[in-house]
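The file entry09.cif comes next; it holds mmCIF, C-alpha atoms.
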data_work
#
loop_
_atom_site.label_atom_id
_atom_site.label_comp_id
_atom_site.auth_asym_id
_atom_site.auth_seq_id
_atom_site.Cartn_x
_atom_site.Cartn_y
_atom_site.Cartn_z
CA MET A 1 -22.43 -9.70 -9.65
CA ALA A 2 -22.85 -7.75 -12.84
CA THR A 3 -20.95 -4.78 -14.19
CA LEU A 4 -22.25 -1.63 -15.79
CA ALA A 5 -20.03 -0.08 -18.44
CA THR A 6 -18.94 3.52 -18.24
CA ASN A 7 -19.63 5.90 -21.10
CA GLY A 8 -16.83 5.61 -23.67
CA ASP A 9 -17.15 9.26 -24.75
CA GLU A 10 -16.78 10.38 -21.12
CA SER A 11 -13.62 8.30 -20.76
CA GLU A 12 -12.13 9.73 -23.96
CA GLU A 13 -12.90 13.28 -22.89
CA ARG A 14 -11.51 12.69 -19.40
CA HIS A 15 -8.25 11.32 -20.79
CA ALA A 16 -7.94 14.03 -23.42
CA THR A 17 -8.16 16.74 -20.75
CA MET A 18 -5.80 15.08 -18.26
CA ASP A 19 -3.23 17.46 -16.83
CA TRP A 20 -0.44 15.16 -15.63
CA GLU A 21 1.24 18.08 -13.86
CA GLN A 22 -1.75 18.47 -11.55
CA LEU A 23 -2.19 14.87 -10.45
CA SER A 24 -3.22 14.36 -6.82
CA TYR A 25 -5.12 11.57 -5.09
CA ALA A 26 -8.45 12.34 -6.69
CA VAL A 27 -10.73 9.62 -8.01
CA ILE A 28 -10.00 9.21 -11.73
CA PRO A 29 -11.86 6.27 -13.32
CA THR A 30 -9.87 4.44 -15.99
CA ASP A 31 -11.15 2.29 -18.84
CA TYR A 32 -11.26 -1.29 -17.56
CA MET A 33 -11.33 -3.41 -14.44
CA TYR A 34 -10.86 -7.13 -13.95
CA VAL A 35 -13.41 -9.43 -12.31
CA MET A 36 -13.18 -13.10 -11.39
CA LYS A 37 -15.40 -15.18 -9.09
CA SER A 38 -14.60 -18.34 -7.18
CA ASN A 39 -16.07 -21.68 -8.21
CA PRO A 40 -17.95 -23.96 -5.77
CA ASP A 41 -14.72 -25.92 -5.16
CA GLY A 42 -12.83 -22.77 -4.15
CA THR A 43 -10.81 -22.40 -7.35
CA PHE A 44 -10.95 -19.45 -9.70
CA SER A 45 -11.43 -19.38 -13.47
CA ASP A 46 -13.02 -17.40 -16.27
CA GLY A 47 -11.82 -14.00 -15.11
CA ALA A 48 -12.27 -11.18 -17.59
CA LEU A 49 -11.67 -7.53 -18.27
CA VAL A 50 -14.85 -5.46 -18.23
CA PRO A 51 -15.48 -1.75 -18.69
CA PHE A 52 -14.93 0.16 -15.46
CA GLY A 53 -18.18 0.90 -13.71
CA THR A 54 -20.39 0.23 -10.73
CA ILE A 55 -21.10 -3.28 -9.49
CA GLU A 56 -24.18 -4.99 -8.17
CA ILE A 57 -23.86 -6.86 -4.91
CA ASN A 58 -26.39 -8.85 -2.91
CA PRO A 59 -27.39 -7.29 0.44
CA HIS A 60 -26.78 -10.73 2.02
CA SER A 61 -23.11 -10.69 0.97
CA SER A 62 -20.60 -11.41 3.70
CA VAL A 63 -18.50 -8.36 2.88
CA LEU A 64 -21.41 -6.01 3.56
CA ASN A 65 -22.62 -7.76 6.69
CA TYR A 66 -19.42 -9.01 8.30
CA GLY A 67 -16.56 -7.15 6.65
CA GLN A 68 -15.08 -10.23 4.99
CA GLY A 69 -12.73 -8.54 2.58
CA LEU A 70 -9.12 -7.70 1.71
CA PHE A 71 -7.41 -5.19 -0.49
CA GLU A 72 -3.94 -4.72 -1.91
CA GLY A 73 -2.09 -1.69 -3.20
CA MET A 74 0.42 -1.71 -6.06
CA LYS A 75 1.79 0.66 -8.67
CA ALA A 76 2.71 0.62 -12.34
CA TYR A 77 5.64 2.89 -13.23
CA ARG A 78 6.61 4.39 -16.57
CA THR A 79 10.31 4.38 -17.34
CA PRO A 80 12.21 7.17 -19.17
CA THR A 81 11.91 5.14 -22.39
CA GLY A 82 8.13 4.90 -22.04
CA GLU A 83 7.95 1.28 -20.93
CA VAL A 84 5.70 0.28 -18.03
CA GLN A 85 6.66 -2.01 -15.17
CA ILE A 86 5.14 -3.28 -11.93
CA PHE A 87 7.04 -3.66 -8.67
CA ARG A 88 7.04 -7.15 -7.07
CA PRO A 89 3.41 -8.16 -7.83
CA GLU A 90 3.97 -11.73 -6.63
CA GLU A 91 4.61 -10.41 -3.10
CA ASN A 92 1.19 -8.77 -3.03
CA ALA A 93 -0.34 -11.99 -4.34
CA ILE A 94 1.22 -14.00 -1.52
CA ARG A 95 0.09 -11.45 1.07
CA MET A 96 -3.47 -11.63 -0.26
CA GLN A 97 -3.39 -15.41 0.05
CA MET A 98 -2.26 -15.09 3.67
CA GLY A 99 -5.11 -12.72 4.37
CA ALA A 100 -7.61 -14.96 2.62
CA GLU A 101 -6.53 -17.91 4.74
CA ARG A 102 -7.07 -15.83 7.89
CA LEU A 103 -10.56 -14.74 6.77
CA LEU A 104 -11.58 -18.10 5.29
CA MET A 105 -11.89 -16.91 1.71
CA ALA A 106 -11.00 -18.63 -1.52
CA SER A 107 -8.17 -16.76 -3.25
CA PRO A 108 -6.54 -16.77 -6.70
CA THR A 109 -3.21 -18.47 -7.22
CA VAL A 110 -0.12 -16.30 -7.45
CA ASP A 111 -0.02 -16.84 -11.22
CA GLN A 112 -3.70 -15.91 -11.60
CA TYR A 113 -3.19 -12.80 -9.50
CA VAL A 114 -0.13 -11.58 -11.40
CA ASP A 115 -1.71 -12.36 -14.77
CA ALA A 116 -4.85 -10.43 -13.83
CA VAL A 117 -2.80 -7.43 -12.70
CA LYS A 118 -0.89 -7.43 -15.97
CA GLN A 119 -4.12 -7.66 -17.96
CA VAL A 120 -5.73 -4.69 -16.24
CA VAL A 121 -2.59 -2.55 -16.47
CA ARG A 122 -2.21 -3.38 -20.15
CA ALA A 123 -5.85 -2.47 -20.76
CA ASN A 124 -5.38 0.87 -18.96
CA MET A 125 -1.89 1.59 -20.30
CA ARG A 126 -2.77 5.06 -21.52
CA TRP A 127 -3.58 6.03 -17.94
CA VAL A 128 -0.06 5.33 -16.69
CA PRO A 129 1.34 8.86 -16.18
CA PRO A 130 4.44 9.99 -18.06
CA HIS A 131 7.77 9.23 -16.39
CA GLY A 132 8.23 11.32 -13.26
CA LYS A 133 4.66 12.65 -13.22
CA GLY A 134 3.05 9.94 -11.10
CA THR A 135 2.05 6.30 -11.18
CA LEU A 136 -0.92 4.11 -11.99
CA TYR A 137 -2.22 2.87 -8.66
CA ILE A 138 -3.53 -0.71 -8.81
CA ARG A 139 -6.16 -1.79 -6.30
CA PRO A 140 -6.90 -5.55 -6.13
CA LEU A 141 -9.87 -6.49 -3.95
CA LEU A 142 -10.96 -9.88 -2.63
CA PHE A 143 -14.28 -10.02 -0.83
CA GLY A 144 -17.04 -12.33 0.27
CA SER A 145 -19.72 -11.72 -2.35
CA GLY A 146 -21.71 -14.87 -1.66
CA SER A 147 -24.90 -14.61 0.37
CA VAL A 148 -25.06 -15.56 4.03
CA MET A 149 -27.50 -14.90 6.84
CA GLY A 150 -25.81 -16.28 9.93
CA ILE A 151 -22.27 -15.29 10.87
CA ALA A 152 -20.27 -17.42 8.48
CA PRO A 153 -17.74 -17.09 5.62
CA ALA A 154 -19.18 -16.46 2.19
CA PRO A 155 -19.74 -19.43 -0.14
CA GLN A 156 -18.31 -17.37 -3.00
CA THR A 157 -15.61 -14.71 -3.21
CA THR A 158 -14.97 -12.11 -5.88
CA PHE A 159 -11.57 -10.91 -7.04
CA LEU A 160 -11.70 -7.44 -8.58
CA ILE A 161 -8.95 -5.06 -9.73
CA PHE A 162 -9.32 -1.42 -10.68
CA THR A 163 -6.74 1.30 -11.35
CA ASN A 164 -6.38 5.04 -10.75
CA PRO A 165 -3.55 7.41 -11.75
CA ILE A 166 -2.07 9.23 -8.74
CA ALA A 167 0.67 11.72 -7.99
CA ASN A 168 4.02 10.82 -6.54
CA ALA A 169 3.39 10.75 -2.80
CA TYR A 170 6.96 11.76 -1.98
CA LYS A 171 8.87 13.91 -4.42
CA GLY A 172 11.94 13.72 -2.20
CA THR A 173 12.23 17.36 -1.14
CA SER A 174 9.28 18.95 0.61
CA THR A 175 6.86 16.39 1.98
CA SER A 176 8.39 15.32 5.29
CA LEU A 177 5.88 13.92 7.74
CA SER A 178 5.08 15.13 11.24
CA LEU A 179 3.71 12.33 13.42
CA LEU A 180 1.58 12.30 16.54
CA VAL A 181 2.43 9.28 18.69
CA HIS A 182 -0.88 8.14 20.16
CA HIS A 183 -0.36 6.90 23.70
CA SER A 184 -3.64 5.08 24.36
CA LEU A 185 -5.56 3.93 21.26
CA PRO A 186 -3.83 0.99 19.50
CA ARG A 187 -4.25 0.29 15.79
CA ALA A 188 -4.20 -3.52 16.15
CA PHE A 189 -4.42 -6.19 18.83
CA PRO A 190 -2.64 -9.54 19.31
CA GLY A 191 -4.76 -12.23 17.70
CA GLY A 192 -6.55 -9.70 15.53
CA THR A 193 -6.12 -8.83 11.87
CA GLY A 194 -3.42 -6.15 11.99
CA GLY A 195 -1.03 -8.42 10.13
CA ILE A 196 -3.23 -8.73 7.05
CA LYS A 197 -4.69 -6.10 4.74
CA ASN A 198 -8.21 -6.50 6.06
CA ILE A 199 -10.66 -3.83 4.91
CA SER A 200 -11.86 -3.32 8.49
CA ASN A 201 -8.40 -2.37 9.80
CA TYR A 202 -8.59 1.19 8.56
CA SER A 203 -11.87 2.89 9.43
CA PRO A 204 -11.44 2.48 13.23
CA VAL A 205 -8.55 4.98 13.12
CA PHE A 206 -10.28 7.53 10.88
CA GLN A 207 -11.36 9.65 13.82
CA VAL A 208 -8.03 9.84 15.62
CA VAL A 209 -6.17 10.57 12.37
CA LYS A 210 -8.67 13.29 11.48
CA GLU A 211 -8.17 14.88 14.90
CA ALA A 212 -4.39 14.71 14.52
CA LYS A 213 -4.50 16.33 11.08
CA ALA A 214 -6.71 19.09 12.46
CA LYS A 215 -3.87 19.86 14.87
CA GLY A 216 -1.36 20.07 12.04
CA PHE A 217 0.10 16.55 12.10
CA SER A 218 0.53 14.46 8.96
CA ASP A 219 -0.47 11.14 10.52
CA VAL A 220 -0.59 9.06 13.70
CA LEU A 221 1.94 6.52 14.94
CA PHE A 222 0.36 3.81 17.08
CA LEU A 223 1.89 1.87 19.97
CA ASP A 224 1.33 -1.75 20.97
CA ALA A 225 -1.99 -2.72 22.54
CA VAL A 226 -0.54 -4.52 25.58
CA GLU A 227 2.11 -2.30 27.15
CA HIS A 228 1.51 0.90 25.18
CA LYS A 229 5.26 1.48 24.93
CA TYR A 230 6.45 -0.15 21.71
CA VAL A 231 6.23 1.49 18.29
CA GLU A 232 4.07 -0.42 15.82
CA GLU A 233 2.76 1.26 12.69
CA VAL A 234 1.45 4.51 11.24
CA SER A 235 -2.20 4.43 10.11
CA SER A 236 -1.35 3.11 6.64
CA CYS A 237 2.40 2.50 6.48
CA ASN A 238 5.35 0.90 8.23
CA VAL A 239 7.90 2.94 10.18
CA PHE A 240 11.71 2.68 10.43
CA ILE A 241 14.29 4.40 12.63
CA VAL A 242 17.93 5.14 11.83
CA LYS A 243 20.55 5.32 14.59
CA GLY A 244 24.11 5.55 13.34
CA ASP A 245 24.54 2.83 10.72
CA LYS A 246 21.68 0.74 12.12
CA ILE A 247 18.24 0.69 10.49
CA SER A 248 15.45 -0.85 12.56
CA THR A 249 11.77 -1.60 12.16
CA SER A 250 9.28 -3.40 14.37
CA PRO A 251 8.68 -7.13 13.75
CA THR A 252 5.29 -7.86 12.22
CA ALA A 253 4.31 -10.48 14.85
CA GLY A 254 0.67 -10.50 13.74
CA THR A 255 -0.13 -6.85 14.51
CA ILE A 256 1.91 -5.08 11.83
CA LEU A 257 1.36 -5.41 8.10
CA PRO A 258 4.27 -7.11 6.28
CA GLY A 259 4.71 -4.37 3.71
CA VAL A 260 6.28 -5.10 0.34
CA THR A 261 8.21 -1.82 0.43
CA ARG A 262 9.24 -2.63 4.02
CA LYS A 263 10.63 -6.00 2.94
CA SER A 264 12.46 -4.41 0.03
CA ILE A 265 14.04 -1.72 2.20
CA LEU A 266 15.35 -4.28 4.68
CA GLN A 267 17.12 -6.07 1.82
CA LEU A 268 18.43 -2.89 0.21
CA ALA A 269 19.74 -1.61 3.55
CA LEU A 270 21.87 -4.73 3.95
CA GLU A 271 23.11 -4.47 0.37
CA LEU A 272 24.15 -0.86 1.00
CA GLY A 273 26.21 -1.88 4.01
CA TYR A 274 23.92 -0.88 6.86
CA GLN A 275 22.85 -3.04 9.77
CA ALA A 276 19.18 -3.87 9.29
CA GLU A 277 17.05 -5.48 11.93
CA GLU A 278 13.49 -6.26 12.94
CA ILE A 279 13.29 -5.55 16.65
CA ARG A 280 10.81 -4.11 19.13
CA ILE A 281 11.39 -0.37 19.42
CA SER A 282 10.31 1.41 22.58
CA VAL A 283 8.86 4.89 22.22
CA ASP A 284 11.88 6.24 24.11
CA GLU A 285 14.26 4.62 21.59
CA PHE A 286 12.12 5.95 18.77
CA LEU A 287 12.38 9.51 20.06
CA GLU A 288 16.17 9.20 20.25
CA ALA A 289 16.55 8.18 16.59
CA ASP A 290 18.71 10.17 14.18
CA GLU A 291 16.23 9.69 11.35
CA VAL A 292 12.74 8.25 10.98
CA PHE A 293 11.00 7.29 7.77
CA CYS A 294 7.79 5.57 6.68
CA THR A 295 7.38 3.01 3.90
CA GLY A 296 4.42 1.79 1.90
CA THR A 297 3.07 1.55 -1.62
CA ALA A 298 1.32 4.91 -1.41
CA VAL A 299 4.00 6.87 0.46
CA GLY A 300 6.98 5.07 -1.06
CA ILE A 301 9.65 6.22 1.38
CA SER A 302 8.79 9.43 3.21
CA ASP A 303 11.03 10.99 5.82
CA VAL A 304 9.66 12.12 9.16
CA CYS A 305 10.72 15.57 10.33
CA SER A 306 9.18 15.38 13.79
CA ALA A 307 7.20 13.30 16.25
CA THR A 308 5.19 14.43 19.24
CA TYR A 309 4.57 12.16 22.23
CA MET A 310 2.76 13.30 25.38
CA ASP A 311 3.32 16.95 24.38
CA LYS A 312 7.04 16.33 23.81
CA LYS A 313 8.14 17.18 20.27
CA VAL A 314 11.33 15.71 18.83
CA GLU A 315 12.83 16.61 15.45
CA PHE A 316 14.74 14.24 13.17
CA LYS A 317 17.29 14.80 10.44
CA THR A 318 15.84 15.06 6.92
CA GLY A 319 16.87 16.13 3.44
CA GLU A 320 20.15 15.66 1.65
CA ASN A 321 22.94 13.41 2.94
CA THR A 322 20.61 11.22 4.97
CA VAL A 323 20.21 7.45 5.03
CA THR A 324 16.54 7.96 4.22
CA ARG A 325 17.35 9.89 1.05
CA LYS A 326 19.87 7.26 -0.04
CA LEU A 327 17.31 4.48 0.38
CA PHE A 328 14.66 6.57 -1.35
CA GLU A 329 16.85 7.22 -4.37
CA THR A 330 17.85 3.55 -4.54
CA ILE A 331 14.35 2.08 -4.57
CA ARG A 332 12.95 4.88 -6.73
CA GLY A 333 15.66 4.21 -9.28
CA ILE A 334 14.68 0.55 -9.47
CA GLN A 335 10.94 1.21 -9.66
CA ASN A 336 11.21 3.92 -12.32
CA GLY A 337 13.70 2.13 -14.53
CA LEU A 338 16.62 4.44 -13.73
CA THR A 339 18.64 1.61 -12.18
CA GLU A 340 19.09 -1.91 -13.49
CA ASP A 341 16.92 -4.47 -11.71
CA ASN A 342 19.23 -7.35 -10.85
CA ARG A 343 16.94 -8.82 -8.22
CA GLY A 344 13.99 -9.88 -10.38
CA TRP A 345 11.67 -7.42 -8.66
CA LEU A 346 10.09 -5.89 -11.75
CA ALA A 347 7.40 -7.28 -14.00
CA ALA A 348 7.67 -5.60 -17.39
CA MET A 349 4.54 -4.96 -19.41
CA HIS A 350 4.55 -5.84 -23.08
CA THR A 351 1.79 -4.68 -25.38
#

Can you present the structure in this file as structure tokens?
Amino acid sequence: MATLATNGDESEERHATMDWEQLSYAVIPTDYMYVMKSNPDGTFSDGALVPFGTIEINPHSSVLNYGQGLFEGMKAYRTPTGEVQIFRPEENAIRMQMGAERLLMASPTVDQYVDAVKQVVRANMRWVPPHGKGTLYIRPLLFGSGSVMGIAPAPQTTFLIFTNPIANAYKGTSTSLSLLVHHSLPRAFPGGTGGIKNISNYSPVFQVVKEAKAKGFSDVLFLDAVEHKYVEEVSSCNVFIVKGDKISTSPTAGTILPGVTRKSILQLALELGYQAEEIRISVDEFLEADEVFCTGTAVGISDVCSATYMDKKVEFKTGENTVTRKLFETIRGIQNGLTEDNRGWLAAMHT
């Protein structure tokens, strides 16, 4: 695979005209990406930063023919003092290794992964939005780039990281979600790949999510594939319910992605004195919750104002004085450098 550099003048002009107040989720190319290929023995070495640009890939590659690929999602945050930090990158590295094992791909070590992430963030430091204006989204990819003809894992994998500045998905006041609980189409199946961040997990739900959004919903909440009665996951994030002082989320069990934000919220909930549990949640229990919120790298923590199941709409508590808001403020404070990190969750960037 070869890289083609972007035009430096275009990059300078794009950065010079950036309006950080108007950030959204648009594609905004940054300056550099990181590329590293596996060796014949399955190890990785000789990774390097290269100018951001298009890539060449062989038509025989396993990722194009058989969908052998993974992705991760992470963010770099700018603190009030202008420093930049990354939230729990080693957790994403471990999750990528788990996915690679499932798809029979060579994967970088945790140290290689974290070092590569730091390199690409450092190289694109000027694209990290000012404090409070957004974040630099980090997208690591691992895919079968080696050529195959029969159905088989690729003989070589490529590890690639690019970045893109994005807006804050949840500003904490006006972006509550309305969910459609889909009663028939599951997102993942037992024995499948719902528990890893497989690239092919997402496009099968494009249609149903598009239809839901056309009806005014924010997203779709999927039920289990066997009994169609237990809450599993929203299209791209985990879901929690709050009932009294108990905070619950569904166990991953191979069909739900073990989210890094999800894991962090379970720990923070316990530290804040709540009961926190991973337990199967029936759709009836879900609809009786006091509060519902979603977690993920992109959404952070977003409260859910309503859910509709079989034409029955239920509303949940949102806004100030909620458990959701307390958890949101707690994790946001850690990520943005407003609260001291005494858990070792942050990786600080040093230029």

Inset, instruction - Decode the PyMOL selection byres ((chain A and resi 67) around 9) for the given file into explicit residues and return them as a PyMOL selection string. - result: chain A and resi 62-66+68-70+143-144+198-200

Legend entry - 8 Å contact set for stretch 13-28 of chain A, all atoms listed in the file, chain neighbours under 5 positions out, as a ChimeraX atom specification: /A:127,129-130,133-134,164-167

Inset, instruction - State, in Å with one decimal place, the distance from atom CA of A:Pro51 to atom CA of A:Ser107. - result: 22.7 Å

Inset, instruction - Name the residues that the PyMOL selection byres ((chain A and resi 204) around 12) pulls out of this structure, and write them as a VMD selection string. - result: chain A and resid 185 to 188 194 198 to 203 205 to 210 235

Legend entry - Residues selected by the PyMOL selection byres ((chain A and resi 84) around 12), written as a PyMOL selection string: chain A and resi 75-83+85-87+118+121-122+124-131+135-136+335-337+346-351

Legend entry - Non-local contacts of stretch 112-117 of chain A (10 Å; all atoms listed in the file; under 4 positions in same chain excluded) as a ChimeraX atom specification: /A:33-36,44-45,47-49,74,76,86,88-94,96-97,107-108,121-123,138-140,159-163,347

Legend entry - For A:Gly192, the nearest of the candidates A:Gly42, A:Gly150, A:Gly99, A:Pro251, counting all atoms listed in the file: A:Gly99

Legend entry - d(atom CA of A:Val234, atom CA of A:Pro153) in Å: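 Atom CA of A:Pro153 lies at a distance of 29.4 Å from atom CA of A:Val234.
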
Inset, instruction - Excluding A:Lys246 and residues on its chain fewer than 4 positions from it, collect all residues at most 9 Å away from it, counting all atoms listed in the file, and give them as a ChimeraX atom specification. - result: /A:241-242,274-277

Legend entry - Between atom CA of A:Thr339 and atom CA of A:Lys243 - distance in Å to one decimal: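 For atom CA of A:Lys243 relative to atom CA of A:Thr339, the distance reads 27.1 Å.
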
Legend entry - Counting all atoms listed in the file, the option among A:Tyr137, A:Phe240, A:Tyr32, A:Tyr230 closest to A:Thr324: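 Checking each candidate against A:Thr324, we get A:Phe240 as the closest.
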
Legend entry - Neighbours of point (-20.1, -10.4, -5.4) within 8 Å, using all atoms listed in the file, written as a PyMOL selection string: chain A and resi 1+37+56-58+61+143-146+156-158

Inset, instruction - Tell me, as a PyMOL selection string, which residues lie within 6 Å of A:Gly195, counting all atoms listed in the file; anything in the same chain fewer than 2 positions away does not count. - result: chain A and resi 193+254-257

Inset, instruction - Please identify all polymer residues within 9 Å of A:Lys317, counting all atoms listed in the file, omitting same-chain residues fewer than 5 positions from it, and present them as a list of chain:residue names. - result: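 Listing them by chain and then by number gives A:Asp290, A:Glu291, A:Val292, A:Asp303, A:Val304, A:Cys305, A:Ser306, A:Thr322.
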
Inset, instruction - Select, from A:Arg262, A:Lys215, A:Lys229, A:His60, the residue with the minimum atom-to-atom distance to A:Phe328, counting all atoms listed in the file. - result: A:Arg262

Pull the closest atom pair for each residue of stretch 156-223 of chain A that gets at most 12 Å from stretch 279-282 of chain A, along with the distance in Å to one decimal, counting all atoms listed in the file, ordering rows by chain and then ascending residue number, as JSON lines.
{"residue": "A:Val181", "atom": "CA", "partner": "A:Ser282", "partner_atom": "CA", "distance": 11.8}
{"residue": "A:Phe222", "atom": "CA", "partner": "A:Ser282", "partner_atom": "CA", "distance": 11.6}
{"residue": "A:Leu223", "atom": "CA", "partner": "A:Ser282", "partner_atom": "CA", "distance": 8.8}
